[in-house]
Structure formats: structure tokens, C-alpha cells
Amino acid sequence: MLLEDVSDSVYHGYFVDLYVRPSNQIAVEMYERMGYSVYRTVKEYYGSLGPGDGTGTSENAYDMRKPLSRDPQRKSVRANGRDVIVSASSVT
């Protein structure tokens, strides 16, 4: 995948991450097949007025990560990411 290749070879990153709605199970499963895993759950990330809008219409997000070659010990991923919950304000 181009993003992963550039992040690895040009920027020498430790990981690539993306945010996915947990309700979008098709996307979650697709990214898991591509080697991504849930690093953490971001509470109220998606909302009608932006992250954490407090209106009750917001939705959580999975921060999904895929380790790159600079992270051979896979420190940028965790097994229990769905259980690690952080606020949207801590990631924006």
C-alpha cells in the first residue's frame, strides 16, 4: 500500500494509523486483514459538531495501527486496544 510504503521508506515511521467507526465492521475487518489492529478506542471522536460535541449524537472511533519495519518488537500495537479508552480531546 502506498501510504505504508512511503511512511516506512521515506519518513521512517514506527507505524501507520487510521480512525474507523466501530460500527463499520466491514472496514474494521478489512483493515485487520491488512495487518492493522485496534490500538485504542477514542470516545466520542465522531460527532455532528466535531469530536466530543457532547450532544449524544457522537460515536467512538477505533485508532487502528499497523507497525512498520522500524518497530520490529511491535511496541506501537497492543492486544487489548478495544479496552483502552481515551477522550477525543487527548488525540486531536
# chains A, B, ... in the order shown; residues from 1 in each chain; ligands from 1

call {"tool": "residues_around", "arguments": {"residues": "Asp63 (chain A)", "least_positions_apart": "3", "cutoff": "8 Å", "atoms": "only C-alpha atoms", "output": "list in words"}}
result
Asp17, Leu18, Tyr19, Val20, Val38, Tyr39, Arg40, Thr41 and Val42 of chain A

call {"tool": "write_last_selection", "arguments": {"atoms": "all heavy atoms", "output": "compact mmCIF listing (two decimals), in the first residue's frame"}}
result
# COMPACT_ATOMS: atom_id res chain seq x y z
N ASP A 17 -1.37 4.83 11.27
CA ASP A 17 -2.65 4.66 11.95
C ASP A 17 -3.77 5.34 11.20
O ASP A 17 -3.54 6.21 10.36
CB ASP A 17 -2.59 5.10 13.41
CG ASP A 17 -2.46 6.59 13.62
OD1 ASP A 17 -2.03 7.29 12.69
OD2 ASP A 17 -2.80 7.07 14.71
N LEU A 18 -4.97 4.89 11.50
CA LEU A 18 -6.17 5.45 10.89
C LEU A 18 -7.31 5.27 11.89
O LEU A 18 -7.22 4.48 12.83
CB LEU A 18 -6.48 4.76 9.56
CG LEU A 18 -6.45 3.24 9.52
CD1 LEU A 18 -7.79 2.64 9.94
CD2 LEU A 18 -6.09 2.77 8.14
N TYR A 19 -8.36 6.05 11.69
CA TYR A 19 -9.50 6.01 12.59
C TYR A 19 -10.70 5.42 11.86
O TYR A 19 -10.97 5.79 10.72
CB TYR A 19 -9.82 7.40 13.12
CG TYR A 19 -8.75 7.91 14.04
CD1 TYR A 19 -7.61 8.54 13.53
CD2 TYR A 19 -8.84 7.75 15.41
CE1 TYR A 19 -6.61 8.99 14.38
CE2 TYR A 19 -7.85 8.19 16.26
CZ TYR A 19 -6.73 8.80 15.73
OH TYR A 19 -5.74 9.24 16.57
N VAL A 20 -11.40 4.50 12.53
CA VAL A 20 -12.52 3.79 11.93
C VAL A 20 -13.67 3.74 12.94
O VAL A 20 -13.44 3.50 14.14
CB VAL A 20 -12.12 2.34 11.55
CG1 VAL A 20 -13.28 1.59 10.93
CG2 VAL A 20 -10.92 2.33 10.63
N VAL A 38 -6.50 -2.73 16.56
CA VAL A 38 -7.02 -1.62 17.36
C VAL A 38 -6.01 -1.29 18.45
O VAL A 38 -5.68 -2.14 19.28
CB VAL A 38 -8.40 -1.94 17.96
CG1 VAL A 38 -8.87 -0.80 18.86
CG2 VAL A 38 -9.41 -2.23 16.86
N TYR A 39 -5.52 -0.05 18.44
CA TYR A 39 -4.58 0.42 19.46
C TYR A 39 -5.32 1.00 20.66
O TYR A 39 -4.90 0.82 21.80
CB TYR A 39 -3.64 1.47 18.86
CG TYR A 39 -2.63 1.98 19.84
CD1 TYR A 39 -1.55 1.19 20.22
CD2 TYR A 39 -2.74 3.24 20.40
CE1 TYR A 39 -0.61 1.65 21.13
CE2 TYR A 39 -1.81 3.72 21.30
CZ TYR A 39 -0.74 2.92 21.67
OH TYR A 39 0.17 3.38 22.57
N ARG A 40 -6.42 1.70 20.38
CA ARG A 40 -7.22 2.29 21.45
C ARG A 40 -8.58 2.69 20.88
O ARG A 40 -8.75 2.82 19.68
CB ARG A 40 -6.53 3.51 22.06
CG ARG A 40 -6.26 4.62 21.05
CD ARG A 40 -5.42 5.71 21.64
NE ARG A 40 -5.01 6.63 20.57
CZ ARG A 40 -4.23 7.65 20.76
NH1 ARG A 40 -3.75 7.89 21.96
NH2 ARG A 40 -3.90 8.43 19.76
N THR A 41 -9.52 2.90 21.79
CA THR A 41 -10.84 3.39 21.44
C THR A 41 -10.90 4.86 21.85
O THR A 41 -10.59 5.19 23.00
CB THR A 41 -11.94 2.60 22.17
OG1 THR A 41 -11.84 1.22 21.78
CG2 THR A 41 -13.32 3.13 21.84
N VAL A 42 -11.27 5.70 20.92
CA VAL A 42 -11.35 7.14 21.20
C VAL A 42 -12.82 7.50 21.40
O VAL A 42 -13.63 7.39 20.48
CB VAL A 42 -10.74 7.98 20.05
CG1 VAL A 42 -10.78 9.46 20.40
CG2 VAL A 42 -9.31 7.53 19.76

call {"tool": "residues_around", "arguments": {"residues": "region 86-89 of chain A", "least_positions_apart": "6", "cutoff": "9 Å", "atoms": "only C-alpha atoms", "output": "PyMOL selection string"}}
result
chain A and resi 40-46+51-52+60-61

call {"tool": "select_by_dssp", "arguments": {"residues": "chain A", "states": "strand (DSSP E or B)", "output": "ChimeraX atom specification"}}
result
/A:15-20,37-46,48,50,59-67,85-87

call {"tool": "closest_residue", "arguments": {"among": "A:Glu59, A:Arg33, A:Ile26, A:Leu68", "to": "Leu3 (chain A)", "atoms": "only C-alpha atoms"}}
result
A:Leu68

call {"tool": "select_by_dssp", "arguments": {"residues": "chain A", "states": "alpha helix (DSSP H)", "output": "list of chain:residue names"}}
result
A:Leu2, A:Leu3, A:Glu4, A:Asp5, A:Val6, A:Ser7, A:Asp8, A:Ser9, A:Gln25, A:Ile26, A:Ala27, A:Val28, A:Glu29, A:Met30, A:Tyr31, A:Glu32, A:Arg33

call {"tool": "residues_around", "arguments": {"residues": "Ser7 (chain A)", "least_positions_apart": "2", "cutoff": "12 Å", "atoms": "only C-alpha atoms", "output": "mmCIF file with all heavy atoms, in the first residue's frame"}}
result
data_model
loop_
_atom_site.group_PDB
_atom_site.id
_atom_site.type_symbol
_atom_site.label_atom_id
_atom_site.label_comp_id
_atom_site.auth_asym_id
_atom_site.auth_seq_id
_atom_site.Cartn_x
_atom_site.Cartn_y
_atom_site.Cartn_z
ATOM 1 N N MET A 1 0.840 -1.168 0.000
ATOM 2 C CA MET A 1 0.000 0.000 0.000
ATOM 3 C C MET A 1 0.893 1.242 0.000
ATOM 4 O O MET A 1 1.858 1.319 0.747
ATOM 5 C CB MET A 1 -0.913 -0.037 1.232
ATOM 6 C CG MET A 1 -1.988 0.973 1.229
ATOM 7 S SD MET A 1 -3.100 0.621 2.609
ATOM 8 C CE MET A 1 -4.423 1.630 2.126
ATOM 9 N N LEU A 2 0.588 2.218 -0.799
ATOM 10 C CA LEU A 2 1.440 3.387 -0.984
ATOM 11 C C LEU A 2 1.691 4.150 0.317
ATOM 12 O O LEU A 2 2.828 4.498 0.622
ATOM 13 C CB LEU A 2 0.837 4.314 -2.035
ATOM 14 C CG LEU A 2 1.657 5.563 -2.359
ATOM 15 C CD1 LEU A 2 3.036 5.182 -2.893
ATOM 16 C CD2 LEU A 2 0.930 6.421 -3.363
ATOM 17 N N LEU A 3 0.651 4.403 1.100
ATOM 18 C CA LEU A 3 0.822 5.141 2.355
ATOM 19 C C LEU A 3 1.815 4.437 3.268
ATOM 20 O O LEU A 3 2.706 5.065 3.846
ATOM 21 C CB LEU A 3 -0.525 5.302 3.060
ATOM 22 C CG LEU A 3 -0.471 5.912 4.461
ATOM 23 C CD1 LEU A 3 0.067 7.338 4.412
ATOM 24 C CD2 LEU A 3 -1.840 5.882 5.101
ATOM 25 N N GLU A 4 1.673 3.133 3.398
ATOM 26 C CA GLU A 4 2.570 2.363 4.259
ATOM 27 C C GLU A 4 3.995 2.383 3.718
ATOM 28 O O GLU A 4 4.956 2.546 4.481
ATOM 29 C CB GLU A 4 2.058 0.937 4.396
ATOM 30 C CG GLU A 4 0.720 0.871 5.086
ATOM 31 C CD GLU A 4 -0.002 -0.437 4.850
ATOM 32 O OE1 GLU A 4 0.587 -1.377 4.279
ATOM 33 O OE2 GLU A 4 -1.177 -0.511 5.230
ATOM 34 N N ASP A 5 4.152 2.230 2.412
ATOM 35 C CA ASP A 5 5.482 2.230 1.798
ATOM 36 C C ASP A 5 6.188 3.564 2.003
ATOM 37 O O ASP A 5 7.367 3.608 2.376
ATOM 38 C CB ASP A 5 5.393 1.917 0.308
ATOM 39 C CG ASP A 5 4.933 0.499 0.035
ATOM 40 O OD1 ASP A 5 5.039 -0.353 0.950
ATOM 41 O OD2 ASP A 5 4.461 0.243 -1.085
ATOM 42 N N SER A 9 9.579 3.909 4.118
ATOM 43 C CA SER A 9 10.854 4.150 3.435
ATOM 44 C C SER A 9 11.280 5.613 3.408
ATOM 45 O O SER A 9 12.474 5.905 3.460
ATOM 46 C CB SER A 9 10.792 3.608 2.008
ATOM 47 O OG SER A 9 9.809 4.296 1.263
ATOM 48 N N VAL A 10 10.346 6.538 3.355
ATOM 49 C CA VAL A 10 10.698 7.956 3.274
ATOM 50 C C VAL A 10 10.751 8.600 4.654
ATOM 51 O O VAL A 10 11.712 9.284 5.007
ATOM 52 C CB VAL A 10 9.709 8.723 2.363
ATOM 53 C CG1 VAL A 10 10.007 10.211 2.355
ATOM 54 C CG2 VAL A 10 9.739 8.159 0.952
ATOM 55 N N TYR A 11 9.709 8.362 5.464
ATOM 56 C CA TYR A 11 9.609 9.031 6.769
ATOM 57 C C TYR A 11 10.127 8.180 7.919
ATOM 58 O O TYR A 11 10.259 8.664 9.039
ATOM 59 C CB TYR A 11 8.167 9.459 7.027
ATOM 60 C CG TYR A 11 7.717 10.515 6.057
ATOM 61 C CD1 TYR A 11 6.846 10.202 5.014
ATOM 62 C CD2 TYR A 11 8.178 11.821 6.147
ATOM 63 C CE1 TYR A 11 6.439 11.173 4.103
ATOM 64 C CE2 TYR A 11 7.784 12.792 5.245
ATOM 65 C CZ TYR A 11 6.909 12.457 4.222
ATOM 66 O OH TYR A 11 6.516 13.412 3.324
ATOM 67 N N HIS A 12 10.408 6.912 7.669
ATOM 68 C CA HIS A 12 10.944 6.003 8.677
ATOM 69 C C HIS A 12 10.089 5.984 9.943
ATOM 70 O O HIS A 12 10.603 6.018 11.061
ATOM 71 C CB HIS A 12 12.401 6.334 9.006
ATOM 72 C CG HIS A 12 13.260 6.443 7.794
ATOM 73 N ND1 HIS A 12 13.604 5.355 7.031
ATOM 74 C CD2 HIS A 12 13.805 7.525 7.185
ATOM 75 C CE1 HIS A 12 14.344 5.758 6.009
ATOM 76 N NE2 HIS A 12 14.470 7.069 6.069
ATOM 77 N N GLY A 13 8.778 5.936 9.744
ATOM 78 C CA GLY A 13 7.844 5.921 10.863
ATOM 79 C C GLY A 13 7.837 4.581 11.581
ATOM 80 O O GLY A 13 8.305 3.564 11.064
ATOM 81 N N TYR A 14 7.299 4.605 12.785
ATOM 82 C CA TYR A 14 7.146 3.383 13.566
ATOM 83 C C TYR A 14 5.860 2.647 13.203
ATOM 84 O O TYR A 14 5.786 1.432 13.312
ATOM 85 C CB TYR A 14 7.130 3.699 15.064
ATOM 86 C CG TYR A 14 8.491 4.038 15.608
ATOM 87 C CD1 TYR A 14 8.928 5.350 15.672
ATOM 88 C CD2 TYR A 14 9.359 3.039 16.040
ATOM 89 C CE1 TYR A 14 10.180 5.668 16.154
ATOM 90 C CE2 TYR A 14 10.622 3.344 16.524
ATOM 91 C CZ TYR A 14 11.022 4.666 16.579
ATOM 92 O OH TYR A 14 12.269 4.967 17.053
ATOM 93 N N PHE A 15 4.826 3.423 12.811
ATOM 94 C CA PHE A 15 3.545 2.812 12.492
ATOM 95 C C PHE A 15 2.733 3.747 11.604
ATOM 96 O O PHE A 15 3.037 4.930 11.476
ATOM 97 C CB PHE A 15 2.745 2.495 13.767
ATOM 98 C CG PHE A 15 2.435 3.708 14.602
ATOM 99 C CD1 PHE A 15 1.279 4.454 14.385
ATOM 100 C CD2 PHE A 15 3.284 4.116 15.617
ATOM 101 C CE1 PHE A 15 0.989 5.579 15.141
ATOM 102 C CE2 PHE A 15 3.009 5.235 16.390
ATOM 103 C CZ PHE A 15 1.855 5.963 16.142
ATOM 104 N N VAL A 16 1.685 3.184 11.007
ATOM 105 C CA VAL A 16 0.672 3.945 10.279
ATOM 106 C C VAL A 16 -0.614 3.750 11.068
ATOM 107 O O VAL A 16 -0.899 2.635 11.520
ATOM 108 C CB VAL A 16 0.497 3.419 8.840
ATOM 109 C CG1 VAL A 16 -0.667 4.108 8.155
ATOM 110 C CG2 VAL A 16 1.767 3.615 8.044
ATOM 111 N N ASP A 17 -1.371 4.831 11.272
ATOM 112 C CA ASP A 17 -2.646 4.657 11.952
ATOM 113 C C ASP A 17 -3.769 5.339 11.201
ATOM 114 O O ASP A 17 -3.545 6.208 10.359
ATOM 115 C CB ASP A 17 -2.592 5.098 13.409
ATOM 116 C CG ASP A 17 -2.463 6.591 13.621
ATOM 117 O OD1 ASP A 17 -2.027 7.290 12.693
ATOM 118 O OD2 ASP A 17 -2.796 7.065 14.708
ATOM 119 N N LYS A 66 -0.789 -0.085 12.264
ATOM 120 C CA LYS A 66 -0.016 -1.158 11.641
ATOM 121 C C LYS A 66 1.456 -0.824 11.843
ATOM 122 O O LYS A 66 1.925 0.238 11.426
ATOM 123 C CB LYS A 66 -0.324 -1.254 10.152
ATOM 124 C CG LYS A 66 0.426 -2.366 9.455
ATOM 125 C CD LYS A 66 0.005 -2.496 8.015
ATOM 126 C CE LYS A 66 0.714 -3.649 7.336
ATOM 127 N NZ LYS A 66 0.255 -3.838 5.966
ATOM 128 N N PRO A 67 2.218 -1.698 12.501
ATOM 129 C CA PRO A 67 3.640 -1.420 12.719
ATOM 130 C C PRO A 67 4.428 -1.492 11.414
ATOM 131 O O PRO A 67 4.093 -2.268 10.521
ATOM 132 C CB PRO A 67 4.078 -2.505 13.701
ATOM 133 C CG PRO A 67 3.111 -3.615 13.495
ATOM 134 C CD PRO A 67 1.812 -2.980 13.071
ATOM 135 N N LEU A 68 5.457 -0.668 11.330
ATOM 136 C CA LEU A 68 6.341 -0.653 10.162
ATOM 137 C C LEU A 68 7.683 -1.279 10.535
ATOM 138 O O LEU A 68 7.889 -1.708 11.672
ATOM 139 C CB LEU A 68 6.501 0.780 9.659
ATOM 140 C CG LEU A 68 5.199 1.467 9.237
ATOM 141 C CD1 LEU A 68 5.458 2.917 8.857
ATOM 142 C CD2 LEU A 68 4.536 0.722 8.092
ATOM 143 N N SER A 69 8.610 -1.308 9.621
ATOM 144 C CA SER A 69 9.878 -2.014 9.844
ATOM 145 C C SER A 69 10.707 -1.414 10.976
ATOM 146 O O SER A 69 11.529 -2.105 11.565
ATOM 147 C CB SER A 69 10.702 -2.050 8.560
ATOM 148 O OG SER A 69 11.061 -0.748 8.140
ATOM 149 N N ARG A 70 10.491 -0.156 11.300
ATOM 150 C CA ARG A 70 11.247 0.482 12.389
ATOM 151 C C ARG A 70 10.771 -0.005 13.761
ATOM 152 O O ARG A 70 11.379 0.315 14.782
ATOM 153 C CB ARG A 70 11.096 2.000 12.284
ATOM 154 C CG ARG A 70 12.042 2.752 13.176
ATOM 155 C CD ARG A 70 12.045 4.222 12.866
ATOM 156 N NE ARG A 70 12.930 4.919 13.772
ATOM 157 C CZ ARG A 70 13.004 6.216 13.879
ATOM 158 N NH1 ARG A 70 12.239 6.981 13.116
ATOM 159 N NH2 ARG A 70 13.829 6.774 14.725
#

call {"tool": "closest_residue", "arguments": {"among": "A:Ser90, A:Val6, A:Met64, A:Glu29", "to": "Arg78 (chain A)", "atoms": "only C-alpha atoms"}}
result
A:Met64

call {"tool": "atom_distance", "arguments": {"atom1": "CA of Pro72 (chain A)", "atom2": "CA of Val28 (chain A)"}}
result
23.3 Å

call {"tool": "atom_distance", "arguments": {"atom1": "CA of Tyr62 (chain A)", "atom2": "CA of Gly81 (chain A)"}}
result
8.4 Å

call {"tool": "atom_distance", "arguments": {"atom1": "CA of Tyr36 (chain A)", "atom2": "CA of Arg65 (chain A)"}}
result
5.0 Å
